[in-house]
There are 4 protein chains.
Amino acid sequence: MNNIFETPKIKELIPKIKQFLKKHLYELETPENLNGLFSKIEPLLLEKRELVKKEGLFGLHLSEEEGGKGLSLCEFGQISEVLAYSPFGHFVFNTQAPDIGNTELLHKYASKELKHKYLKPLQEGKIRSCFSMTEPEFAGSNPVMMGTTAIKDGSDYIINGHKWFTSSADGAAFAVVMAVTNPEAAPHQRASQIIVPLDTPGYEFIRNIPIMGHAGDGWASHAEVKYNNVRVPQTNLVGEEGSGFKLAQERLGPGRIHHCMRFIGIAQRSFDLMCHYALKRKITDDKTLGHQQFIHGFIAESKAEIDSTRLLVLNTAKNIDEFGASACRDEISAIKFHTANMMLRVVDRAIQVHGGLGMTNDVVLSYWYAHERASRIYDGADEVHKSALAKNILKNFNPVSL
Amino acid sequence: MNNIFETPKIKELIPKIKQFLKKHLYELETPENLNGLFSKIEPLLLEKRELVKKEGLFGLHLSEEEGGKGLSLCEFGQISEVLAYSPFGHFVFNTQAPDIGNTELLHKYASKELKHKYLKPLQEGKIRSCFSMTEPEFAGSNPVMMGTTAIKDGSDYIINGHKWFTSSADGAAFAVVMAVTNPEAAPHQRASQIIVPLDTPGYEFIRNIPIMGHAGDGWASHAEVKYNNVRVPQTNLVGEEGSGFKLAQERLGPGRIHHCMRFIGIAQRSFDLMCHYALKRKITDDKTLGHQQFIHGFIAESKAEIDSTRLLVLNTAKNIDEFGASACRDEISAIKFHTANMMLRVVDRAIQVHGGLGMTNDVVLSYWYAHERASRIYDGADEVHKSALAKNILKNFNPVSL
Amino acid sequence: MNNIFETPKIKELIPKIKQFLKKHLYELETPENLNGLFSKIEPLLLEKRELVKKEGLFGLHLSEEEGGKGLSLCEFGQISEVLAYSPFGHFVFNTQAPDIGNTELLHKYASKELKHKYLKPLQEGKIRSCFSMTEPEFAGSNPVMMGTTAIKDGSDYIINGHKWFTSSADGAAFAVVMAVTNPEAAPHQRASQIIVPLDTPGYEFIRNIPIMGHAGDGWASHAEVKYNNVRVPQTNLVGEEGSGFKLAQERLGPGRIHHCMRFIGIAQRSFDLMCHYALKRKITDDKTLGHQQFIHGFIAESKAEIDSTRLLVLNTAKNIDEFGASACRDEISAIKFHTANMMLRVVDRAIQVHGGLGMTNDVVLSYWYAHERASRIYDGADEVHKSALAKNILKNFNPVSL
Amino acid sequence: MNNIFETPKIKELIPKIKQFLKKHLYELETPENLNGLFSKIEPLLLEKRELVKKEGLFGLHLSEEEGGKGLSLCEFGQISEVLAYSPFGHFVFNTQAPDIGNTELLHKYASKELKHKYLKPLQEGKIRSCFSMTEPEFAGSNPVMMGTTAIKDGSDYIINGHKWFTSSADGAAFAVVMAVTNPEAAPHQRASQIIVPLDTPGYEFIRNIPIMGHAGDGWASHAEVKYNNVRVPQTNLVGEEGSGFKLAQERLGPGRIHHCMRFIGIAQRSFDLMCHYALKRKITDDKTLGHQQFIHGFIAESKAEIDSTRLLVLNTAKNIDEFGASACRDEISAIKFHTANMMLRVVDRAIQVHGGLGMTNDVVLSYWYAHERASRIYDGADEVHKSALAKNILKNFNPVSL
């Protein structure tokens with residue numbers, strides 16, 4: 001089978017990255033590493049990052065002038081899948097969320113000064129960042145409801161608000177904060193995105209929220225934070241005032257592809273682990289789990305689901321490359337819930353095939369089972385996307401068959 | 001959104017065919033036509049066929065030297081989808097199963113004489129044919145178990161056997177019969193495919209089997225037949241002796257694409273009908289069904305499923321075009337059960353949206369609900385394909401992530 | 001395993017009824033009977049009814065003073081299951097919908113005169129009736145929207161309206177018609193139920209609606225009808241004016257149990273057929289379908305689903321017996337969608353196990369597949385019940401765990 | 001609605017226990033407690049246990065002569081549900097697995113001496129115990145494959161073996177160990193159950209296996225252990241030699257009810273939390289999540305599934321009470337997979353309704369999502385039960401409808 005989305009760059013890069021995973025990353029999947037605090041494994045991961053640089057594979061998400069490979073979204077999506085085969089892949093290659101999203105945002109919308117101060121060290125992997133949008137008091141399904149405000153005072157903004165699920169805030173150098181700057185404007189034009197260095201007085205780190213029993217730390221954490229009269233210069237504004245939702249939306253297009261291809265990667269790796277274990281685990285002296293029809297069902301359905309979903313996501317990526325994200329709005333909604341649910345089904349089946357072992361951190365599956373459940377919630381819950389997609393289809397109804 | 005599988009031929013043909021459906025075929029979906037015997041509507045359909053010829057759209061499945069367009073499988077697949085938007089599309093365009101499969105078979109494997117006598121009138125739509133393989137006494141899941149025999153006698157074969165689900169036998173000019181010619185050979189080399197004109201003495205038409213309450217007739221029927229000492233010349237053999245399963249397998253590759261794209265077409269049309277009705281049906285003075293979240297769920301999930309599955313099937317078709325069917329064996333298994341189940345889910349949702357109306361023959365959905373349930377059974381039941389696919393994956397296990 | 005809902009009456013009746021089915025009804029499941037018009041088999045069924053009378057099993061749904069057994073709803077529910085093992089069971093025992101519902105309605109709310117004229121012959125099986133509520137112009141999900149009117153004129157009502165899914169109207173002696181009598185009243189108090197003899201001038205039988213390709217006839221049909229200035233005496237009113245929705249609601253409580261236990265019966269019989277075929281159908285010389293794990297999955301899941309659902313429905317019936325239908329409103333909503341969906345899943349699995357045979361009318365499964373799809377739509381679509389149930393739970397929220 | 005399984009004891013006990021949960025246990029569901037080591041919260045739980053004793057609610061699983069209430073299995077099952085509303089309920093009431101299973105085992109099969117030494121302190125909550133059966137080298141789906149041996153030496157057994165998922169071994173006073181004592185016997189008569197005090201030389205505690213990222217400790221852990229020439233007196237044998245599988249099977253009957261009612265409890269509490277949050281969480285100024293049809297679907301389906309499954313499990317319990325576990329073998333298989341899957345679906349829906357909050361340890365749902373995934377694996381994976389159930393149904397096929 002040919003890969004219809006293959007390009008010369010992809011053809012060259014993918015085998016190198018796979019090689020790197022095999023040589024340097026899969027070995028990290030020990031119970032200690034999967035189980036422990038991020039701060040404990042971070043030094044090791046930063047060492048691996050140096051190896052990535054040595055191999056000339058650093059900055060794959062960047063344009064050529066920034067030292068990257070100038071990959072299209074459809075090309076980078078394919079790399080994103082491969083990096084996701086390891087739970088440490090994206091971090092080691094410095095393409096991890098939320099930094100990659102902030103990188104793209106600043107690249108497109110930040111002033112020259114902001115770029116120099118925040119974007120450059122981010123691209124070089126010298127600092128980390130976070131994106132501070134969701135608030136505990138308001139339902140994520142209606143982003144227009146937002147309590148955080150940024151009020152002008154002289155040449156500054158004074159920011160007040162309460163956020164959570166500010167992922168990777170722990171240890172980050174700065175946050176991009178969504179705050180209402182124009183309360184009287186139309187609902188979607190009230191908020192702006194503002195850079196807040198996290199050493200600014202008034203920034204309060206409350207806690208890393210325990211998720212599925214893990215508070216985690218460092219990059220691998222989700223913080224609850226407060227902004228108490230945090231003062232930053234108005235030049236820290238990203239894009240225009242009132243463009244917060246527009247930028248968030250725009251961030252979502254390519255971001256959705258990154259997420260979804262990461263989901264595909266997790267599903268594909270889980271599939272491989274499932275097949276591998278089915279072949280190996282004996283149930284009688286001469287039969288393995290791979291002889292069981294129940295397992296056949298798991299494998300066959302997963303194969304069809306992974307392959308079809310990958311095509312859907314890459315096809316969307318290719319169209320974003322050609323026509324821009326706003327022309328692909330429906331597809332971007334569709335891939336989110338479709339891919340997240342597919343991944344969770346495949347991970348679940350792979351766990352079931354592994355039996356008790358699947359529950360343990362001796363394999364990576366339980367890590368994904370617990371941590372990726374959130375994929376059906378963040379960046380728009382399934383239900384939000386389904387409703388938005390259907391409403392848009394109906395609004396612009398244009399039957400294919402007519 | 002661009003169609004990644006578009007070609008110049010497709011770009012030209014698809015709008016013409018859609019136009020034809022809109023102008024000439026959708027109007028045929030009356031309760032009487034959907035409900036009645038095929039023989040009653042056949043004359044009307046044959047009139048439409050003449051219009052197809054006039055538009056230069058006849059023989060779309062044929063090579064250029066045979067008067068067709070020389071379409072690749074991936075191109076024809078896309079046309080197959082569009083023709084399936086109408087339950088009468090394929091028949092009117094003379095691309096209906098089982099004739100299209102027999103056309104391909106004879107085109108590749110029949111002698112010059114057989115081609116002249118059987119293939120030509122088939123391509124011209126002057127006769128119909130059938131394929132006689134399944135037997136009531138033996139499980140379809142194990143095709144090697146077969147009771148029909150063809151024994152040599154002088155220069156003839158004498159055929160005895162009992163078949164059912166010989167679709168479209170009623171009114172067909174000839175059958176391609178699977179019969180055991182070499183009982184001592186290895187299991188998969190015992191059977192051959194032999195042409196039997198249906199006016200041969202000893203051929204016994206037992207009945208059109210009532211399916212979901214319809215025996216049907218003519219092309220739209222599934223016969224039970226017997227071959228009682230049916231004598232045909234050995235020159236009626238298609239391909240080599242003992243190659244029956246090989247040819248059946250080969251027939252299945254492109255045939256699977258035809259079927260699956262037909263399923264996609266049914267799903268897409270059902271989707272369009274569902275959206276159309278959701279927009280139209282009032283539930284209060286100022287709200288329609290399209291305001292209901294349950295309906296949103298149906299629409300959104302169907303959209304993602306149809307689009308991803310179409311990509312999977314067309315990608316398989318493209319690879320068959322490039323590398324041949326045997327290189328795509330896994331994909332051919334995967335698309336069968338995946339597409340059939342997807343279609344039935346979408347049809348079911350569309351019926352649910354239509355409420356009581358969906359049960360009636362006032363819309364085409366109930367016709368598909370009843371008749372296409374068989375798609376999960378014929379040409380290999382879901383379970384057979386899943387098991388075969390998983391076994392093959394495990395046998396040649398080659399992890400993508402390693 | 002003991003049946004927790006068993007009573008002495010049940011213990012005595014069930015084996016007799018099962019015996020009757022085995023001796024007299026299962027033999028009727030021929031393709032001709034399952035496939036053909038009801039009028040063709042009706043004489044045979046009426047003969048069987050005489051046998052029922054001879055066995056003293058006629059009128060099982062009636063009170064003792066009416067010549068019945070005075071069964072509780074929970075008792076009759078169990079009989080309803082058994083009668084549903086045969087698609088002809090309920091008709092032969094004169095407990096078929098819609099007559100059983102009309103019987104109950106008239107028993108409770110009709111005047112002495114109406115009872116004498118309409119109820120008695122209905123109980124004796126001498127006439128049939130229908131219930132005329134659903135209208136093509138208005139969504140069934142909002143029953144308050146209704147176009148049919150009954151306007152007083154002297155001592156008569158003059159009825160005008162357009163109805164469909166007036167099941168079994170073909171050949172019925174009278175209809176119970178829902179019509180708006182009090183257009184100015186509160187929405188749920190506008191309609192009344194009025195008896196209309198079907199030989200009244202102005203009653204127009206339009207057609208038996210083709211459902212899944214079958215228009216059917218007689219009892220086994222669903223009519224579209226019109227009431228054109230149909231004049232009936234005001235004494236034909238059932239219950240009070242404006243009580244139409246109240247009576248319809250009340251009709252639904254026990255009616256829901258009848259329907260749901262009928263669904264259980266269909267599921268149980270399909271389960272038995274599935275197991276029977278799995279044991280019988282060979283896939284190799286020494287293995288049957290029953291050796292396949294996929295089939296194990298179908299059987300095991302069906303067993304758990306049927307048994308748990310039966311308990312849910314009978315428990316609801318028992319509570320209706322004790323506390324009345326309105327105290328069990330949530331449960332009555334829950335069993336409708338839960339049981340209908342369960343039944344359709346079991347029927348679908350049973351078909352899949354039968355392979356091609358399952359599509360044919362050689363077994364009863366395809367009959368149920370096609371005809372019972374409507375169970376998720378009539379008497380409130382799944383979505384209507386789910387929404388109503390959840391709203392009511394939330395409105396009266398009373399956490400079990402607190 | 002009446003509870004058909006209510007008894008006077010239940011009627012008296014349930015409200016008291018619910019009261020206890022409300023007053024003393026729900027408050028324990030803090031992120032720290034749900035997130036932390038068991039050893040940290042254990043002292044607090046033991047204090048609560050004293051409160052249980054004060055209320056006269058201690059030892060609910062015991063016979064009257066042992067100071068319990070002499071509850072039937074069906075009665076205790078209902079209590080088991082209620083205790084499971086809190087993740088700490090069973091431990092605080094000393095009815096936690098695996099101790100409750102060992103209690104029953106020793107009660108029925110241990111010698112007077114063993115009872116005095118091990119059973120009594122277990123019943124009094126003074127010690128904890130574990131059950132050591134599963135082995136990492138052999139698939140749990142085939143329990144006959146077992147590597148641990150117990151070889152006679154003088155009046156002792158010398159035990160060697162490697163076990164994992166020996167739940168709660170950390171801190172336990174003794175293990176009941178499954179070991180092969182009769183390697184030449186028929187497969188199911190090779191193993192015996194032997195008590196091993198965990199301070200015996202040669203017992204090696206390897207680790208608490210990290211499950212979903214938590215190694216846990218104390219009662220809330222699953223250990224990997226080794227038995228290296230562990231010497232115990234032959235009088236430590238429970239039951240007869242070779243009866244290991246028989247006793248394990250017998251343990252499973254009531255144990256299955258305990259587990260399944262615990263699952264029901266988790267599902268019911270999750271349902272209550274889901275409704276509670278749906279009512280509370282605003283999505284606009286005047287609408288809550290409870291106005292969304294997607295949420296209606298979650299609530300309605302969960303309601304029907306919980307109620308029907310509870311009836312199935314309690315009906316099985318009642319039949320075990322009357323006829324013994326071996327007469328209910330099919331039902332015991334059926335409830336295991338059916339209830340576990342139902343619970344996981346309900347927990348999943350409840351998480352989805354809670355959005356991001358559902359992922360956190362601020363509510364108990366994520367704790368159950370992660371820890372109860374194992375319910376589809378331990379004590380027989382879904383697939384094992386489905387296959388066993390279906391085989392048994394087919395072996396003794398007795399159609400209900402005939």
# chains A, B, ... in the order shown; residues from 1 in each chain; ligands from 1

call {"tool": "interface_residues", "arguments": {"of": "chain D", "to": "chain C", "cutoff": "6 Å", "atoms": "only C-alpha atoms", "output": "number ranges by chain"}}
result
D: 1, 269, 272, 296-297, 299-300, 304, 308-309, 312, 319, 334, 386-387, 390, 399, 401

call {"tool": "write_last_selection", "arguments": {"atoms": "N, CA and C atoms", "output": "mmCIF file, in the first residue's frame"}}
result
data_model
loop_
_atom_site.group_PDB
_atom_site.id
_atom_site.type_symbol
_atom_site.label_atom_id
_atom_site.label_comp_id
_atom_site.auth_asym_id
_atom_site.auth_seq_id
_atom_site.Cartn_x
_atom_site.Cartn_y
_atom_site.Cartn_z
ATOM 1 N N MET D 1 -42.223 3.228 43.391
ATOM 2 C CA MET D 1 -41.761 1.890 43.003
ATOM 3 C C MET D 1 -41.309 1.110 44.239
ATOM 4 N N ARG D 269 -24.093 5.746 42.181
ATOM 5 C CA ARG D 269 -23.520 6.989 42.710
ATOM 6 C C ARG D 269 -23.066 7.897 41.566
ATOM 7 N N ASP D 272 -26.026 9.572 40.186
ATOM 8 C CA ASP D 272 -26.479 10.672 41.048
ATOM 9 C C ASP D 272 -25.585 11.903 40.868
ATOM 10 N N HIS D 296 -29.524 14.317 28.304
ATOM 11 C CA HIS D 296 -30.725 13.494 28.487
ATOM 12 C C HIS D 296 -30.459 12.051 28.070
ATOM 13 N N GLY D 297 -29.797 11.910 26.943
ATOM 14 C CA GLY D 297 -29.488 10.560 26.471
ATOM 15 C C GLY D 297 -28.641 9.799 27.487
ATOM 16 N N ILE D 299 -28.419 10.278 30.692
ATOM 17 C CA ILE D 299 -29.174 10.000 31.917
ATOM 18 C C ILE D 299 -30.185 8.885 31.683
ATOM 19 N N ALA D 300 -30.912 8.974 30.587
ATOM 20 C CA ALA D 300 -31.988 8.003 30.345
ATOM 21 C C ALA D 300 -31.418 6.603 30.144
ATOM 22 N N ALA D 304 -32.013 3.195 32.729
ATOM 23 C CA ALA D 304 -32.547 1.893 32.310
ATOM 24 C C ALA D 304 -31.512 0.792 32.536
ATOM 25 N N SER D 308 -32.155 -2.235 35.344
ATOM 26 C CA SER D 308 -32.328 -3.594 34.837
ATOM 27 C C SER D 308 -31.204 -4.497 35.324
ATOM 28 N N THR D 309 -29.999 -3.962 35.398
ATOM 29 C CA THR D 309 -28.871 -4.792 35.816
ATOM 30 C C THR D 309 -28.960 -5.126 37.301
ATOM 31 N N LEU D 312 -31.204 -7.967 37.665
ATOM 32 C CA LEU D 312 -30.568 -9.214 37.213
ATOM 33 C C LEU D 312 -29.649 -9.783 38.293
ATOM 34 N N ASN D 319 -31.616 -16.541 43.791
ATOM 35 C CA ASN D 319 -31.590 -17.928 43.344
ATOM 36 C C ASN D 319 -30.412 -18.695 43.926
ATOM 37 N N ALA D 334 -23.099 -14.449 33.495
ATOM 38 C CA ALA D 334 -23.734 -13.343 32.773
ATOM 39 C C ALA D 334 -23.615 -12.022 33.527
ATOM 40 N N LYS D 386 -18.006 -14.727 28.465
ATOM 41 C CA LYS D 386 -18.939 -14.840 27.344
ATOM 42 C C LYS D 386 -18.829 -16.216 26.692
ATOM 43 N N SER D 387 -17.608 -16.643 26.491
ATOM 44 C CA SER D 387 -17.401 -17.930 25.844
ATOM 45 C C SER D 387 -17.921 -19.054 26.739
ATOM 46 N N ALA D 390 -21.805 -19.003 26.788
ATOM 47 C CA ALA D 390 -22.422 -19.464 25.541
ATOM 48 C C ALA D 390 -22.229 -20.966 25.367
ATOM 49 N N PRO D 399 -34.600 -24.561 24.778
ATOM 50 C CA PRO D 399 -35.228 -23.312 24.343
ATOM 51 C C PRO D 399 -36.407 -22.920 25.235
ATOM 52 N N SER D 401 -38.706 -20.970 24.416
ATOM 53 C CA SER D 401 -39.926 -20.772 23.632
ATOM 54 C C SER D 401 -40.537 -22.096 23.174
#

call {"tool": "select_by_dssp", "arguments": {"residues": "segment 55-198 of chain D", "states": "alpha helix (DSSP H)", "output": "PDB file with C-alpha atoms, in the first residue's frame"}}
result
ATOM      1  CA  LEU D  73     -26.826 -13.179  49.875  1.00  0.00           C
ATOM      2  CA  CYS D  74     -29.637 -11.192  48.284  1.00  0.00           C
ATOM      3  CA  GLU D  75     -29.886  -9.044  51.401  1.00  0.00           C
ATOM      4  CA  PHE D  76     -26.173  -8.498  51.742  1.00  0.00           C
ATOM      5  CA  GLY D  77     -25.976  -7.714  48.033  1.00  0.00           C
ATOM      6  CA  GLN D  78     -28.237  -4.727  48.555  1.00  0.00           C
ATOM      7  CA  ILE D  79     -26.037  -3.532  51.368  1.00  0.00           C
ATOM      8  CA  SER D  80     -22.983  -4.072  49.221  1.00  0.00           C
ATOM      9  CA  GLU D  81     -24.434  -1.642  46.685  1.00  0.00           C
ATOM     10  CA  VAL D  82     -24.940   1.041  49.290  1.00  0.00           C
ATOM     11  CA  LEU D  83     -21.479   0.629  50.806  1.00  0.00           C
ATOM     12  CA  GLY D  89     -17.475   2.144  52.404  1.00  0.00           C
ATOM     13  CA  HIS D  90     -16.554  -1.498  52.246  1.00  0.00           C
ATOM     14  CA  PHE D  91     -13.261  -1.050  54.040  1.00  0.00           C
ATOM     15  CA  VAL D  92     -14.825   0.928  56.850  1.00  0.00           C
ATOM     16  CA  ASP D  99     -11.019 -10.369  53.055  1.00  0.00           C
ATOM     17  CA  ILE D 100     -14.732 -11.003  52.675  1.00  0.00           C
ATOM     18  CA  GLY D 101     -14.018 -13.853  50.263  1.00  0.00           C
ATOM     19  CA  ASN D 102     -11.421 -15.379  52.585  1.00  0.00           C
ATOM     20  CA  THR D 103     -13.848 -14.999  55.472  1.00  0.00           C
ATOM     21  CA  GLU D 104     -16.452 -17.030  53.632  1.00  0.00           C
ATOM     22  CA  LEU D 105     -13.919 -19.600  52.534  1.00  0.00           C
ATOM     23  CA  LEU D 106     -12.512 -20.201  55.988  1.00  0.00           C
ATOM     24  CA  HIS D 107     -15.978 -20.138  57.508  1.00  0.00           C
ATOM     25  CA  LYS D 108     -17.010 -23.029  55.307  1.00  0.00           C
ATOM     26  CA  TYR D 109     -13.841 -25.067  54.875  1.00  0.00           C
ATOM     27  CA  LYS D 112     -11.379 -25.369  63.926  1.00  0.00           C
ATOM     28  CA  GLU D 113      -7.764 -24.475  64.611  1.00  0.00           C
ATOM     29  CA  LEU D 114      -7.379 -22.446  61.415  1.00  0.00           C
ATOM     30  CA  LYS D 120     -11.617 -14.800  64.038  1.00  0.00           C
ATOM     31  CA  PRO D 121      -9.184 -11.848  63.825  1.00  0.00           C
ATOM     32  CA  LEU D 122     -10.252 -11.349  60.222  1.00  0.00           C
ATOM     33  CA  GLN D 123     -13.883 -11.070  61.223  1.00  0.00           C
TER      34      GLN D 123
END

call {"tool": "residues_around", "arguments": {"residues": "Phe93 of chain D", "least_positions_apart": "2", "cutoff": "10 Å", "atoms": "only C-alpha atoms", "output": "PyMOL selection string"}}
result
chain D and resi 17+45-46+48-53+57-61+83+88-91+95-96+125

call {"tool": "atom_distance", "arguments": {"atom1": "atom CA of Pro233 of chain B", "atom2": "atom CA of Leu252 of chain B"}}
result
26.4 Å

call {"tool": "atom_distance", "arguments": {"atom1": "atom CA of Met261 of chain C", "atom2": "atom CA of Met343 of chain D"}}
result
25.5 Å

call {"tool": "closest_residue", "arguments": {"among": "B:Met342, B:Ile158, B:Ala186, B:Ile264", "to": "Pro201 of chain B", "atoms": "only C-alpha atoms"}}
result
B:Ile158

call {"tool": "select_by_dssp", "arguments": {"residues": "segment 156-277 of chain D", "states": "strand (DSSP E)", "output": "PyMOL selection string"}}
result
chain D and resi 156-167+174-180+191-197+203-208+216-217+220-233+237-238
